[in-house]
>>> print(open('final-v8.txt').read())   # compact mmCIF, C-alpha atoms
# COMPACT_ATOMS: atom_id res chain seq x y z
CA MET A 705 103.37 137.46 100.41
CA HIS A 706 104.56 140.70 98.82
CA ILE A 707 108.24 141.51 98.35
CA ALA A 708 108.95 145.02 97.06
CA ILE A 709 112.24 146.19 95.58
CA LEU A 710 112.61 149.96 95.91
CA THR A 711 113.94 151.20 92.58
CA PHE A 712 114.79 154.85 92.09
CA GLU A 713 115.88 157.05 89.19
CA GLY A 714 119.45 156.12 88.22
CA TYR A 715 119.01 152.61 89.63
CA ASN A 716 121.63 149.89 89.20
CA GLU A 717 120.21 147.13 87.01
CA LEU A 718 122.22 144.37 88.69
CA ASP A 719 121.00 145.33 92.14
CA SER A 720 117.28 145.45 91.39
CA LEU A 721 116.92 142.91 88.60
CA ILE A 722 119.10 140.08 89.92
CA ALA A 723 117.09 140.16 93.14
CA LEU A 724 113.87 140.28 91.12
CA GLY A 725 114.92 137.23 89.10
CA VAL A 726 116.01 135.14 92.07
CA LEU A 727 112.97 136.03 94.16
CA ASN A 728 110.65 135.09 91.31
CA ARG A 729 111.99 131.53 91.33
CA VAL A 730 109.52 130.96 94.17
CA LYS A 731 106.36 129.67 92.52
CA THR A 732 103.57 129.78 95.07
CA ASP A 733 100.16 131.33 94.59
CA ASN A 734 100.56 134.01 97.26
CA TRP A 735 104.11 135.10 96.26
CA ARG A 736 104.40 138.48 94.54
CA VAL A 737 107.57 140.44 93.75
CA THR A 738 107.35 144.04 92.52
CA LEU A 739 109.58 146.95 91.63
CA ALA A 740 108.36 149.86 93.75
CA THR A 741 109.16 153.25 92.26
CA PRO A 742 108.48 156.87 93.27
CA SER A 743 107.27 157.74 89.76
CA PRO A 744 105.45 155.88 86.96
CA LYS A 745 108.78 155.21 85.19
CA VAL A 746 112.41 155.22 86.26
CA THR A 747 115.54 155.09 84.12
CA SER A 748 118.67 153.20 85.13
CA ARG A 749 122.20 154.58 85.11
CA ASN A 750 122.56 152.88 81.71
CA GLY A 751 119.27 154.02 80.21
CA VAL A 752 117.02 151.04 80.94
CA VAL A 753 113.46 152.28 81.53
CA LEU A 754 111.20 150.41 83.96
CA GLU A 755 107.53 150.94 84.65
CA ARG A 756 106.20 151.03 88.18
CA MET A 757 104.81 147.75 89.53
CA SER A 758 103.94 149.10 92.98
CA THR A 759 104.13 152.37 94.88
CA LEU A 760 106.41 153.30 97.75
CA GLU A 761 103.36 153.34 100.00
CA GLU A 762 102.56 149.75 98.99
CA ALA A 763 106.16 148.80 99.68
CA CYS A 764 105.85 150.11 103.23
CA ALA A 765 103.04 147.59 103.75
CA ALA A 766 104.89 144.68 102.09
CA ASP A 767 106.11 141.58 103.91
CA ALA A 768 109.68 142.25 102.78
CA VAL A 769 111.46 145.19 101.18
CA ILE A 770 114.79 145.52 99.38
CA VAL A 771 116.10 149.08 99.08
CA GLY A 772 117.88 149.09 95.75
CA SER A 773 121.00 151.00 94.81
CA GLY A 774 121.81 153.60 92.18
CA ILE A 775 123.82 156.64 91.24
CA ALA A 776 121.32 159.09 92.75
CA THR A 777 120.92 157.67 96.27
CA ARG A 778 122.30 160.81 97.88
CA GLU A 779 119.59 162.76 96.08
CA VAL A 780 117.00 160.24 97.26
CA VAL A 781 117.89 160.72 100.92
CA GLU A 782 117.59 164.50 100.45
CA ASP A 783 114.11 164.15 98.94
CA GLN A 784 111.81 164.74 101.89
CA ALA A 785 108.70 163.53 100.04
CA ILE A 786 110.32 160.14 99.41
CA MET A 787 111.87 159.85 102.86
CA ASN A 788 108.61 160.78 104.61
CA ILE A 789 106.94 157.84 102.87
CA LEU A 790 109.81 155.49 103.67
CA ARG A 791 109.53 156.28 107.35
CA GLY A 792 106.66 153.81 107.15
CA LEU A 793 109.18 150.97 106.86
CA ASP A 794 109.13 148.96 110.08
CA PRO A 795 111.49 146.04 110.85
CA SER A 796 109.21 144.94 113.68
CA ARG A 797 106.67 143.70 111.12
CA GLN A 798 108.59 143.25 107.85
CA LEU A 799 111.95 142.11 106.54
CA ILE A 800 113.99 145.08 105.35
CA ALA A 801 117.14 144.68 103.27
CA ALA A 802 119.42 147.15 101.51
CA GLN A 803 121.66 146.61 98.52
CA CYS A 804 124.83 148.73 98.22
CA SER A 805 123.86 152.41 98.50
CA GLY A 806 120.46 151.36 99.81
CA ALA A 807 122.28 151.14 103.16
CA LEU A 808 122.53 154.93 103.10
CA VAL A 809 118.74 155.14 102.92
CA LEU A 810 118.38 152.86 105.95
CA ALA A 811 121.04 154.86 107.80
CA LYS A 812 119.24 158.14 107.13
CA LEU A 813 115.96 156.58 108.28
CA GLY A 814 117.61 155.66 111.58
CA LEU A 815 117.14 151.93 111.02
CA LEU A 816 120.84 151.07 111.39
CA ASN A 817 121.38 152.56 114.84
CA ASP A 818 123.94 150.31 116.60
CA ILE A 819 123.84 147.88 113.63
CA PRO A 820 126.83 147.56 111.26
CA ALA A 821 126.17 147.42 107.53
CA CYS A 822 127.57 146.17 104.26
CA THR A 823 127.69 148.47 101.24
CA ASP A 824 129.69 149.14 98.09
CA LEU A 825 133.06 150.89 98.25
CA THR A 826 131.74 154.12 96.69
CA THR A 827 128.97 154.46 99.25
CA LYS A 828 131.10 153.37 102.22
CA PRO A 829 132.30 156.86 103.27
CA TRP A 830 128.76 158.26 103.09
CA VAL A 831 127.39 155.49 105.31
CA ILE A 832 130.25 155.96 107.77
CA ALA A 833 129.54 159.71 107.79
CA ALA A 834 125.95 158.83 108.69
CA GLY A 835 127.27 157.16 111.84
CA VAL A 836 127.14 153.51 110.75
CA GLU A 837 130.02 151.03 110.93
CA VAL A 838 130.71 149.45 107.52
CA LEU A 839 131.89 145.83 107.41
CA ASN A 840 134.36 144.42 104.90
CA GLN A 841 132.10 141.54 103.87
CA PRO A 842 129.31 140.95 101.35
CA PHE A 843 126.35 140.30 103.66
CA TYR A 844 125.21 140.99 107.20
CA ALA A 845 121.88 140.69 108.95
CA LYS A 846 120.52 141.24 112.42
CA GLY A 847 116.94 140.35 113.19
CA ASN A 848 114.77 141.56 110.34
CA LEU A 849 117.39 143.90 108.86
CA ALA A 850 119.97 142.89 106.25
CA THR A 851 122.50 144.66 104.02
CA ALA A 852 124.69 143.53 101.15
CA GLY A 853 127.69 145.15 99.49
CA GLY A 854 128.64 144.69 95.84
CA CYS A 855 126.25 144.19 92.93
CA LEU A 856 126.84 140.45 92.75
CA ALA A 857 125.90 140.07 96.42
CA SER A 858 122.28 140.84 95.55
CA HIS A 859 121.44 137.13 95.36
CA TYR A 860 122.43 136.84 99.02
CA LEU A 861 119.68 139.30 99.96
CA ALA A 862 117.17 137.44 97.79
CA ALA A 863 118.13 134.07 99.26
CA TRP A 864 117.95 135.45 102.81
CA ILE A 865 114.44 136.75 102.20
CA ILE A 866 113.31 133.47 100.63
CA ALA A 867 114.82 131.47 103.49
CA ARG A 868 113.08 133.67 106.07
CA LEU A 869 109.69 133.60 104.34
CA GLU A 870 109.58 130.21 102.60
CA GLY A 871 112.38 128.14 104.15
CA ASN A 872 115.90 127.03 103.28
CA ASP A 873 114.82 124.49 100.67
CA ALA A 874 113.05 127.18 98.64
CA ALA A 875 116.09 129.45 98.89
CA GLU A 876 118.46 126.69 97.79
CA SER A 877 116.21 125.82 94.84
CA ALA A 878 116.22 129.45 93.70
CA LEU A 879 119.99 129.69 94.00
CA HIS A 880 120.47 126.39 92.17
CA TYR A 881 118.42 127.66 89.25
CA VAL A 882 120.51 130.80 88.71
CA ALA A 883 123.95 129.36 89.57
CA PRO A 884 126.39 128.71 86.70
CA VAL A 885 126.31 125.20 85.24
CA GLY A 886 129.21 123.14 86.55
CA GLU A 887 129.57 125.42 89.57
CA LYS A 888 126.21 125.03 91.24
CA GLU A 889 127.39 123.21 94.35
CA GLN A 890 130.26 125.64 94.97
CA TYR A 891 128.01 128.62 94.30
CA ILE A 892 125.33 127.45 96.72
CA GLU A 893 127.88 126.50 99.38
CA ARG A 894 129.39 129.99 99.25
CA ALA A 895 125.96 131.60 99.49
CA TRP A 896 125.01 129.55 102.55
CA ARG A 897 128.38 130.29 104.14
CA ASN A 898 127.53 134.00 103.97
CA ILE A 899 123.84 133.76 104.86
CA THR A 900 123.52 130.96 107.45
CA PRO A 901 125.15 132.80 110.38
CA TYR A 902 122.37 135.39 110.15
CA LEU A 903 119.37 133.09 109.91
CA PRO A 904 117.29 132.30 113.00
CA ALA A 905 118.28 129.08 114.72
CA PRO A 906 116.03 126.16 113.75
CA THR A 907 113.28 125.34 116.22
CA PRO A 908 114.00 121.93 117.82
CA ALA A 909 111.54 119.24 116.84
CA LEU A 910 109.17 118.04 119.55
CA VAL A 911 109.96 114.52 120.73
>>> encode(input="final-v8.txt", output="structure tokens")
Amino acid sequence: MHIAILTFEGYNELDSLIALGVLNRVKTDNWRVTLATPSPKVTSRNGVVLERMSTLEEACAADAVIVGSGIATREVVEDQAIMNILRGLDPSRQLIAAQCSGALVLAKLGLLNDIPACTDLTTKPWVIAAGVEVLNQPFYAKGNLATAGGCLASHYLAAWIIARLEGNDAAESALHYVAPVGEKEQYIERAWRNITPYLPAPTPALV
């Protein structure tokens, strides 16, 4: 199971690395989480340099993808070389999620047609201009597409992906690990309150 986090030049550390940390709480042999970058190295908005773990092409073949956020997302969506590769993303065969300005990438790819999105307040007008309704909430999903708004909503995307691929128990375990001591129950309850409405209904057990 490969989960790729698209991470571009000028990326937001909280968006990419919180998701990376939460997703890596799953410890199964076939579980792999990578930072997918368009170049061998990318530098964050605050100067943190990351090396590529996977390519954008590999991300398009992954089981799940998170489109990360950053200060240069508007430049990303104008980069035809990058966008041509990302047109390989397909919600019919993979989970696709976007964090903050990552929603603009999905909008420009035409993946949010008739689907509202969550994003950060800075990106909101750009997503609206792209023809997508923006919700005043931290998380929303429909089918295999999900979006989150606000850096500290990134764990909602990670938990949603874990729940979809490995089950609710695995997602709760990952959230419990990262939640603040003394606040774990409240933290997990809030996360489920935001995520549960967008998870598939459980399949009834056979009698």
>>> residues_around(input="final-v8.txt", residues="region 719-722 of chain A", least_positions_apart="6", cutoff="8 Å", atoms="all atoms listed in the file", output="list in words")
Ile709, Leu710, Thr711, Leu739, Gly772, Ser773, Gln803, Cys804, Cys855, Leu856, Ser858 and His859 of chain A
>>> atom_distance(input="final-v8.txt", atom1="CA of Arg749 (chain A)", atom2="CA of Gly714 (chain A)")
4.4 Å
>>> atom_distance(input="final-v8.txt", atom1="CA of Gln798 (chain A)", atom2="CA of Cys822 (chain A)")
19.5 Å
>>> residues_around(input="final-v8.txt", residues="Val780 (chain A)", least_positions_apart="2", cutoff="12 Å", atoms="all atoms listed in the file", output="VMD selection string")
chain A and resid 710 to 715 741 to 742 771 to 778 782 to 790 805 to 806 808 to 810 812 to 813
>>> write_last_selection(input="final-v8.txt", atoms="C-alpha atoms", output="PDB file, in the coordinates of the input")
ATOM      1  CA  LEU A 710     112.610 149.960  95.910  1.00  0.00           C
ATOM      2  CA  THR A 711     113.940 151.200  92.580  1.00  0.00           C
ATOM      3  CA  PHE A 712     114.790 154.850  92.090  1.00  0.00           C
ATOM      4  CA  GLU A 713     115.880 157.050  89.190  1.00  0.00           C
ATOM      5  CA  GLY A 714     119.450 156.120  88.220  1.00  0.00           C
ATOM      6  CA  TYR A 715     119.010 152.610  89.630  1.00  0.00           C
ATOM      7  CA  THR A 741     109.160 153.250  92.260  1.00  0.00           C
ATOM      8  CA  PRO A 742     108.480 156.870  93.270  1.00  0.00           C
ATOM      9  CA  VAL A 771     116.100 149.080  99.080  1.00  0.00           C
ATOM     10  CA  GLY A 772     117.880 149.090  95.750  1.00  0.00           C
ATOM     11  CA  SER A 773     121.000 151.000  94.810  1.00  0.00           C
ATOM     12  CA  GLY A 774     121.810 153.600  92.180  1.00  0.00           C
ATOM     13  CA  ILE A 775     123.820 156.640  91.240  1.00  0.00           C
ATOM     14  CA  ALA A 776     121.320 159.090  92.750  1.00  0.00           C
ATOM     15  CA  THR A 777     120.920 157.670  96.270  1.00  0.00           C
ATOM     16  CA  ARG A 778     122.300 160.810  97.880  1.00  0.00           C
ATOM     17  CA  GLU A 782     117.590 164.500 100.450  1.00  0.00           C
ATOM     18  CA  ASP A 783     114.110 164.150  98.940  1.00  0.00           C
ATOM     19  CA  GLN A 784     111.810 164.740 101.890  1.00  0.00           C
ATOM     20  CA  ALA A 785     108.700 163.530 100.040  1.00  0.00           C
ATOM     21  CA  ILE A 786     110.320 160.140  99.410  1.00  0.00           C
ATOM     22  CA  MET A 787     111.870 159.850 102.860  1.00  0.00           C
ATOM     23  CA  ASN A 788     108.610 160.780 104.610  1.00  0.00           C
ATOM     24  CA  ILE A 789     106.940 157.840 102.870  1.00  0.00           C
ATOM     25  CA  LEU A 790     109.810 155.490 103.670  1.00  0.00           C
ATOM     26  CA  SER A 805     123.860 152.410  98.500  1.00  0.00           C
ATOM     27  CA  GLY A 806     120.460 151.360  99.810  1.00  0.00           C
ATOM     28  CA  LEU A 808     122.530 154.930 103.100  1.00  0.00           C
ATOM     29  CA  VAL A 809     118.740 155.140 102.920  1.00  0.00           C
ATOM     30  CA  LEU A 810     118.380 152.860 105.950  1.00  0.00           C
ATOM     31  CA  LYS A 812     119.240 158.140 107.130  1.00  0.00           C
ATOM     32  CA  LEU A 813     115.960 156.580 108.280  1.00  0.00           C
TER      33      LEU A 813
END
>>> residues_around(input="final-v8.txt", residues="Asn898 (chain A)", least_positions_apart="4", cutoff="8 Å", atoms="all atoms listed in the file", output="VMD selection string")
chain A and resid 842 to 843 860 894
>>> write_last_selection(input="final-v8.txt", atoms="C-alpha atoms", output="mmCIF file, in the frame of the given file")
data_model
loop_
_atom_site.group_PDB
_atom_site.id
_atom_site.type_symbol
_atom_site.label_atom_id
_atom_site.label_comp_id
_atom_site.auth_asym_id
_atom_site.auth_seq_id
_atom_site.Cartn_x
_atom_site.Cartn_y
_atom_site.Cartn_z
ATOM 1 C CA PRO A 842 129.310 140.950 101.350
ATOM 2 C CA PHE A 843 126.350 140.300 103.660
ATOM 3 C CA TYR A 860 122.430 136.840 99.020
ATOM 4 C CA ARG A 894 129.390 129.990 99.250
#
>>> closest_residue(input="final-v8.txt", among="A:Asn734, A:Asn728, A:Thr851, A:Thr826", to="Met705 (chain A)", atoms="all atoms listed in the file")
A:Asn734
>>> decode(input="final-v8.txt", residues="region 767-782 of chain A", atoms="all heavy atoms", output="PDB file, in the first residue's frame")
ATOM      1  N   ASP A 767      -1.814   4.086  -4.085  1.00  0.00           N
ATOM      2  CA  ASP A 767      -3.145   3.744  -3.592  1.00  0.00           C
ATOM      3  C   ASP A 767      -3.870   4.960  -3.034  1.00  0.00           C
ATOM      4  O   ASP A 767      -5.099   5.040  -3.069  1.00  0.00           O
ATOM      5  CB  ASP A 767      -3.044   2.672  -2.511  1.00  0.00           C
ATOM      6  CG  ASP A 767      -2.391   1.405  -3.030  1.00  0.00           C
ATOM      7  OD1 ASP A 767      -3.092   0.632  -3.706  1.00  0.00           O
ATOM      8  OD2 ASP A 767      -1.183   1.214  -2.795  1.00  0.00           O
ATOM      9  N   ALA A 768      -3.106   5.904  -2.502  1.00  0.00           N
ATOM     10  CA  ALA A 768      -3.682   7.138  -1.966  1.00  0.00           C
ATOM     11  C   ALA A 768      -2.686   8.271  -2.155  1.00  0.00           C
ATOM     12  O   ALA A 768      -1.471   8.058  -2.132  1.00  0.00           O
ATOM     13  CB  ALA A 768      -4.019   6.977  -0.482  1.00  0.00           C
ATOM     14  N   VAL A 769      -3.218   9.474  -2.361  1.00  0.00           N
ATOM     15  CA  VAL A 769      -2.389  10.644  -2.608  1.00  0.00           C
ATOM     16  C   VAL A 769      -2.914  11.811  -1.787  1.00  0.00           C
ATOM     17  O   VAL A 769      -4.126  12.062  -1.756  1.00  0.00           O
ATOM     18  CB  VAL A 769      -2.407  11.032  -4.102  1.00  0.00           C
ATOM     19  CG1 VAL A 769      -1.563  12.285  -4.354  1.00  0.00           C
ATOM     20  CG2 VAL A 769      -1.912   9.879  -4.963  1.00  0.00           C
ATOM     21  N   ILE A 770      -2.017  12.526  -1.143  1.00  0.00           N
ATOM     22  CA  ILE A 770      -2.348  13.805  -0.520  1.00  0.00           C
ATOM     23  C   ILE A 770      -1.628  14.889  -1.305  1.00  0.00           C
ATOM     24  O   ILE A 770      -0.407  14.829  -1.473  1.00  0.00           O
ATOM     25  CB  ILE A 770      -1.928  13.869   0.957  1.00  0.00           C
ATOM     26  CG1 ILE A 770      -2.729  12.875   1.801  1.00  0.00           C
ATOM     27  CG2 ILE A 770      -2.126  15.288   1.506  1.00  0.00           C
ATOM     28  CD1 ILE A 770      -2.321  12.849   3.264  1.00  0.00           C
ATOM     29  N   VAL A 771      -2.371  15.876  -1.787  1.00  0.00           N
ATOM     30  CA  VAL A 771      -1.765  17.013  -2.467  1.00  0.00           C
ATOM     31  C   VAL A 771      -1.464  18.060  -1.400  1.00  0.00           C
ATOM     32  O   VAL A 771      -2.368  18.657  -0.830  1.00  0.00           O
ATOM     33  CB  VAL A 771      -2.696  17.597  -3.548  1.00  0.00           C
ATOM     34  CG1 VAL A 771      -1.992  18.736  -4.279  1.00  0.00           C
ATOM     35  CG2 VAL A 771      -3.119  16.507  -4.524  1.00  0.00           C
ATOM     36  N   GLY A 772      -0.192  18.246  -1.128  1.00  0.00           N
ATOM     37  CA  GLY A 772       0.209  19.165  -0.075  1.00  0.00           C
ATOM     38  C   GLY A 772       0.050  20.620  -0.476  1.00  0.00           C
ATOM     39  O   GLY A 772      -0.219  20.955  -1.636  1.00  0.00           O
ATOM     40  N   SER A 773       0.238  21.485   0.502  1.00  0.00           N
ATOM     41  CA  SER A 773       0.046  22.917   0.323  1.00  0.00           C
ATOM     42  C   SER A 773       1.376  23.649   0.354  1.00  0.00           C
ATOM     43  O   SER A 773       2.405  23.088   0.726  1.00  0.00           O
ATOM     44  CB  SER A 773      -0.875  23.434   1.433  1.00  0.00           C
ATOM     45  OG  SER A 773      -1.153  24.803   1.270  1.00  0.00           O
ATOM     46  N   GLY A 774       1.350  24.917  -0.039  1.00  0.00           N
ATOM     47  CA  GLY A 774       2.575  25.721   0.002  1.00  0.00           C
ATOM     48  C   GLY A 774       2.334  27.105  -0.562  1.00  0.00           C
ATOM     49  O   GLY A 774       1.250  27.424  -1.050  1.00  0.00           O
ATOM     50  N   ILE A 775       3.380  27.925  -0.510  1.00  0.00           N
ATOM     51  CA  ILE A 775       3.227  29.307  -0.943  1.00  0.00           C
ATOM     52  C   ILE A 775       3.280  29.465  -2.457  1.00  0.00           C
ATOM     53  O   ILE A 775       3.002  30.550  -2.974  1.00  0.00           O
ATOM     54  CB  ILE A 775       4.309  30.207  -0.299  1.00  0.00           C
ATOM     55  CG1 ILE A 775       5.719  29.723  -0.698  1.00  0.00           C
ATOM     56  CG2 ILE A 775       4.146  30.266   1.198  1.00  0.00           C
ATOM     57  CD1 ILE A 775       6.826  30.665  -0.249  1.00  0.00           C
ATOM     58  N   ALA A 776       3.622  28.405  -3.179  1.00  0.00           N
ATOM     59  CA  ALA A 776       3.778  28.510  -4.629  1.00  0.00           C
ATOM     60  C   ALA A 776       2.753  27.677  -5.391  1.00  0.00           C
ATOM     61  O   ALA A 776       2.978  27.334  -6.551  1.00  0.00           O
ATOM     62  CB  ALA A 776       5.186  28.087  -5.032  1.00  0.00           C
ATOM     63  N   THR A 777       1.608  27.384  -4.781  1.00  0.00           N
ATOM     64  CA  THR A 777       0.628  26.524  -5.447  1.00  0.00           C
ATOM     65  C   THR A 777       0.094  27.146  -6.728  1.00  0.00           C
ATOM     66  O   THR A 777      -0.166  26.441  -7.712  1.00  0.00           O
ATOM     67  CB  THR A 777      -0.530  26.184  -4.494  1.00  0.00           C
ATOM     68  OG1 THR A 777       0.005  25.606  -3.293  1.00  0.00           O
ATOM     69  CG2 THR A 777      -1.490  25.189  -5.120  1.00  0.00           C
ATOM     70  N   ARG A 778      -0.065  28.460  -6.736  1.00  0.00           N
ATOM     71  CA  ARG A 778      -0.548  29.085  -7.978  1.00  0.00           C
ATOM     72  C   ARG A 778       0.467  28.924  -9.109  1.00  0.00           C
ATOM     73  O   ARG A 778       0.082  28.808 -10.278  1.00  0.00           O
ATOM     74  CB  ARG A 778      -0.866  30.561  -7.733  1.00  0.00           C
ATOM     75  CG  ARG A 778      -2.182  30.757  -6.968  1.00  0.00           C
ATOM     76  CD  ARG A 778      -2.583  32.210  -6.909  1.00  0.00           C
ATOM     77  NE  ARG A 778      -1.666  32.986  -6.098  1.00  0.00           N
ATOM     78  CZ  ARG A 778      -1.769  34.307  -5.902  1.00  0.00           C
ATOM     79  NH1 ARG A 778      -2.741  34.977  -6.495  1.00  0.00           N
ATOM     80  NH2 ARG A 778      -0.910  34.939  -5.137  1.00  0.00           N
ATOM     81  N   GLU A 779       1.747  28.886  -8.757  1.00  0.00           N
ATOM     82  CA  GLU A 779       2.763  28.611  -9.773  1.00  0.00           C
ATOM     83  C   GLU A 779       2.709  27.154 -10.210  1.00  0.00           C
ATOM     84  O   GLU A 779       2.898  26.839 -11.399  1.00  0.00           O
ATOM     85  CB  GLU A 779       4.157  28.949  -9.243  1.00  0.00           C
ATOM     86  CG  GLU A 779       4.455  30.429  -9.124  1.00  0.00           C
ATOM     87  CD  GLU A 779       3.883  31.074  -7.874  1.00  0.00           C
ATOM     88  OE1 GLU A 779       3.163  30.396  -7.105  1.00  0.00           O
ATOM     89  OE2 GLU A 779       4.152  32.268  -7.666  1.00  0.00           O
ATOM     90  N   VAL A 780       2.414  26.262  -9.269  1.00  0.00           N
ATOM     91  CA  VAL A 780       2.308  24.838  -9.598  1.00  0.00           C
ATOM     92  C   VAL A 780       1.213  24.607 -10.636  1.00  0.00           C
ATOM     93  O   VAL A 780       1.417  23.893 -11.620  1.00  0.00           O
ATOM     94  CB  VAL A 780       2.032  24.001  -8.330  1.00  0.00           C
ATOM     95  CG1 VAL A 780       1.650  22.562  -8.696  1.00  0.00           C
ATOM     96  CG2 VAL A 780       3.249  24.000  -7.410  1.00  0.00           C
ATOM     97  N   VAL A 781       0.044  25.215 -10.417  1.00  0.00           N
ATOM     98  CA  VAL A 781      -1.063  24.949 -11.335  1.00  0.00           C
ATOM     99  C   VAL A 781      -0.845  25.611 -12.702  1.00  0.00           C
ATOM    100  O   VAL A 781      -1.555  25.289 -13.667  1.00  0.00           O
ATOM    101  CB  VAL A 781      -2.424  25.394 -10.743  1.00  0.00           C
ATOM    102  CG1 VAL A 781      -2.726  24.599  -9.484  1.00  0.00           C
ATOM    103  CG2 VAL A 781      -2.468  26.889 -10.477  1.00  0.00           C
ATOM    104  N   GLU A 782       0.136  26.510 -12.803  1.00  0.00           N
ATOM    105  CA  GLU A 782       0.482  27.103 -14.094  1.00  0.00           C
ATOM    106  C   GLU A 782       1.614  26.348 -14.785  1.00  0.00           C
ATOM    107  O   GLU A 782       1.957  26.644 -15.930  1.00  0.00           O
ATOM    108  CB  GLU A 782       0.893  28.570 -13.897  1.00  0.00           C
ATOM    109  CG  GLU A 782      -0.229  29.476 -13.423  1.00  0.00           C
ATOM    110  CD  GLU A 782      -1.379  29.566 -14.404  1.00  0.00           C
ATOM    111  OE1 GLU A 782      -1.113  29.490 -15.617  1.00  0.00           O
ATOM    112  OE2 GLU A 782      -2.534  29.692 -13.960  1.00  0.00           O
TER     113      GLU A 782
END
